[in-house]
Amino acid sequence: MTQTAVKQKKELTGRQKKKIRLVLLLLPFMVMVAIFSYVPLFGWSYAFVEFSPGKSIFESQFVGLKYFQRIFSNPKDFLMVMRNTLCISFLNICFSVLPAIFAIAISQLKSKRYAKIVQTCTSIPNFISWVLVYSIVFMLLSSEDSALNIILKNLGLITESVNPLGNVDHAWAMQVAIGVWKSLGYNAIIYLSAITSIDQELYQAAEVDGANNWQKILHITVPGLLPTFFVLLMLAISNMLSNGFEQFWLLGNGMTWDKLEVFDTYVYRLGIKNMEYSLATAMGMFKSIVSILLLTFANWSSKKLRGESIF
Amino acid sequence: MKTKKVSIANVINIIVMALLTFICIYPMWYIFINSFSSAHAINLGVYILPKEFTVEAYKEMFEIAGLPASIKIAFMRTIIGTTLTLFCSSFCAYLLADKDLPKRKLLYRFFILTMYVNAGFIPYYLTISNLGLKNNFLVYVLPTAVQAYFIILIKTYIESIPSELIESAEMDGAGLVKVYIKIILPLAKPILACIVVFAAVNQWNSWADDMYFMQGRKAVDLHCLQYVLYTKLQSNIVTSQAGAAAGAIPKVSSQSLRMAMSFITIVPILCVYPYMQRFFTKGIMLGAVKG
């Protein structure tokens, strides 16, 4: 009797020891996460002071909402950046149906081997860096000795080199096209796996009812993909303000600046290149807060419409 | 009649798919064949196979200032960064999966919330700067060591391992670290392999952190390959040290050098690509995961 009690007590302390050990082992990683993700949040205070690097936050003069006022009182740049960011995101969202269509097209291929090859090859661009995408666009389209220019010159169609990256009128279309090229195959995979999880009996039943291929796609496959599409749409909406620093920093240039300066590139230019730390922090803060609001909205609408939150 | 219509649609489908495949593959092939062609041939156009085969561009490329060092750094950051991510994320996931951890849910949220919290670039930049990580190799590997996505994936996997296995090992007196090494690591191999591949590709493809944080004079030897390629694409003329010193007309054109550099930057990705495919669906989960 007493022996089991002693044993129990020993086990209990053993368990407590384990608990302490667990916490101690986890602690360094928590510190790491805190440093890189949570400590920077204190940097939001830079937006409220006259900050310059090298000075501590306490030596800097408090200016209240001055920088926020500056964003909205002289909104020319801000509005341009906002327009570019939102328009590009909107176009990207419009084209996010393409991977679903592409996945349906792949699933319609009779030869599974061919389908596999198509899927494999089209996902490669997703795994190369944006620098390489820039390099490819540069070599194939826009440089002096690009494939495009050599072909056009050899055909005698042009004498001066053309530069599609410098064309401000088609800048958005160009960037959206590049984005689709990079992500189409990879984004189709999630739809492909959704297609395979659709109940095969539905198709058999439709066949019995005399449905043709188009009808099967329209009435079974498409509704089967809608939930996936909806989740991805919500994620895209919550990410509306971040359409990628790398793409626009690399593929934008002086000629297309008016169309391709987006939030992320603008904050970087403003803060690091122009040393406007406080203003750039204020802009970044604005972006973070709007993003959180969009996320909450996306989650809320998901709960309302599907009865399930996405996060 | 009906079947014929469908088959026409099928043929169109096959052709469109072939076209899309071509558009995705050809740019890389174009770079490959051009990098092995002479400057003269490049100007005339090289489209299908290398013309006037030469490896001059590759020879010359290794003479470009900073390029050999950048290849070394790129491999170093990929190997060290991936190892660190693998170890930190999996160990965290293991600890967070243990039901004995006090306030487990709260601690888990502490990690997961990092996916949604973003202070913005400037505060992050100044934090890195204050930590002394500017112009420091560690900036490549430390911030990515503990990743919420990976933690979710590994934790979910660990929770699917029968708990009797872990408990019996604990009965035998194995400590936390021993259980992690002897049981968790071998059993979670499939998911860990997936994470290795994705973390490695991310490391290899990173260049923005290089541009942000490696601007000091001390950092000239710390640039990675992607960044050096970026700077060479930006500048009009690319020369090797020897070419610049001689002041002569370079044997190899800037375009050939860029082609060769681009190709060696792509090669490692193409090498791991066949292995990656198995992890595609899991990798997608990384992107659209539920917290």
# chains A, B, ... in the order shown; residues from 1 in each chain; ligands from 1
$ residues_around --residues "Phe280 (chain B)" --least-positions-apart "4" --cutoff "12 Å" --atoms "only C-alpha atoms" --output "PyMOL selection string"
(chain A and resi 119-120+123-124+126-127+185-190+192-193) or (chain B and resi 191+193-195+197-198+273-276+284-287)
$ write_last_selection --atoms "C-alpha atoms" --output "mmCIF file, in the first residue's frame"
data_model
loop_
_atom_site.group_PDB
_atom_site.id
_atom_site.type_symbol
_atom_site.label_atom_id
_atom_site.label_comp_id
_atom_site.auth_asym_id
_atom_site.auth_seq_id
_atom_site.Cartn_x
_atom_site.Cartn_y
_atom_site.Cartn_z
ATOM 1 C CA GLN A 119 2.106 18.443 -64.795
ATOM 2 C CA THR A 120 5.781 17.885 -63.987
ATOM 3 C CA SER A 123 5.483 23.106 -62.258
ATOM 4 C CA ILE A 124 9.206 23.660 -62.763
ATOM 5 C CA ASN A 126 7.542 27.642 -59.572
ATOM 6 C CA PHE A 127 10.803 26.385 -58.104
ATOM 7 C CA GLY A 185 1.416 24.312 -63.027
ATOM 8 C CA TYR A 186 2.139 24.294 -59.330
ATOM 9 C CA ASN A 187 -1.174 25.848 -58.345
ATOM 10 C CA ALA A 188 -2.972 23.301 -60.508
ATOM 11 C CA ILE A 189 -1.695 20.480 -58.279
ATOM 12 C CA ILE A 190 -3.996 21.357 -55.416
ATOM 13 C CA LEU A 192 -5.729 17.992 -59.283
ATOM 14 C CA SER A 193 -5.735 16.413 -55.855
ATOM 15 C CA ILE B 191 7.740 14.458 -43.558
ATOM 16 C CA ALA B 193 12.438 14.628 -46.203
ATOM 17 C CA CYS B 194 9.703 16.841 -47.542
ATOM 18 C CA ILE B 195 10.825 19.693 -45.342
ATOM 19 C CA VAL B 197 13.634 19.598 -49.935
ATOM 20 C CA PHE B 198 11.462 22.670 -49.541
ATOM 21 C CA TYR B 273 13.478 18.437 -58.908
ATOM 22 C CA PRO B 274 12.835 14.742 -59.636
ATOM 23 C CA TYR B 275 13.039 14.011 -55.902
ATOM 24 C CA MET B 276 10.798 16.937 -55.061
ATOM 25 C CA ILE B 284 1.095 22.589 -51.362
ATOM 26 C CA MET B 285 -0.177 21.935 -47.882
ATOM 27 C CA LEU B 286 2.665 24.129 -46.721
ATOM 28 C CA GLY B 287 1.130 26.970 -48.654
#
$ atom_distance --atom1 "CA of Ile217 (chain A)" --atom2 "CA of Ile195 (chain A)"
10.4 Å
$ residues_around --residues "region 123-133 of chain B" --least-positions-apart "4" --cutoff "6 Å" --atoms "only C-alpha atoms" --output "list in words"
Pro40 and Gly43 of chain A; Val139 of chain B
$ residues_around --residues "Leu293 (chain A)" --least-positions-apart "6" --cutoff "10 Å" --atoms "only C-alpha atoms" --output "list of chain:residue names"
A:Ser238, A:Lys287, A:Asn299
$ write_last_selection --atoms "N, CA and C atoms" --output "PDB file, in the first residue's frame"
ATOM      1  N   SER A 238      -6.847  38.054 -48.352  1.00  0.00           N
ATOM      2  CA  SER A 238      -6.136  38.508 -47.151  1.00  0.00           C
ATOM      3  C   SER A 238      -4.708  38.922 -47.484  1.00  0.00           C
ATOM      4  N   LYS A 287       0.005  48.997 -43.683  1.00  0.00           N
ATOM      5  CA  LYS A 287      -0.169  47.768 -44.455  1.00  0.00           C
ATOM      6  C   LYS A 287      -0.482  46.584 -43.547  1.00  0.00           C
ATOM      7  N   ASN A 299     -11.743  35.367 -43.041  1.00  0.00           N
ATOM      8  CA  ASN A 299     -12.084  34.290 -42.109  1.00  0.00           C
ATOM      9  C   ASN A 299     -13.567  34.343 -41.746  1.00  0.00           C
TER      10      ASN A 299
END
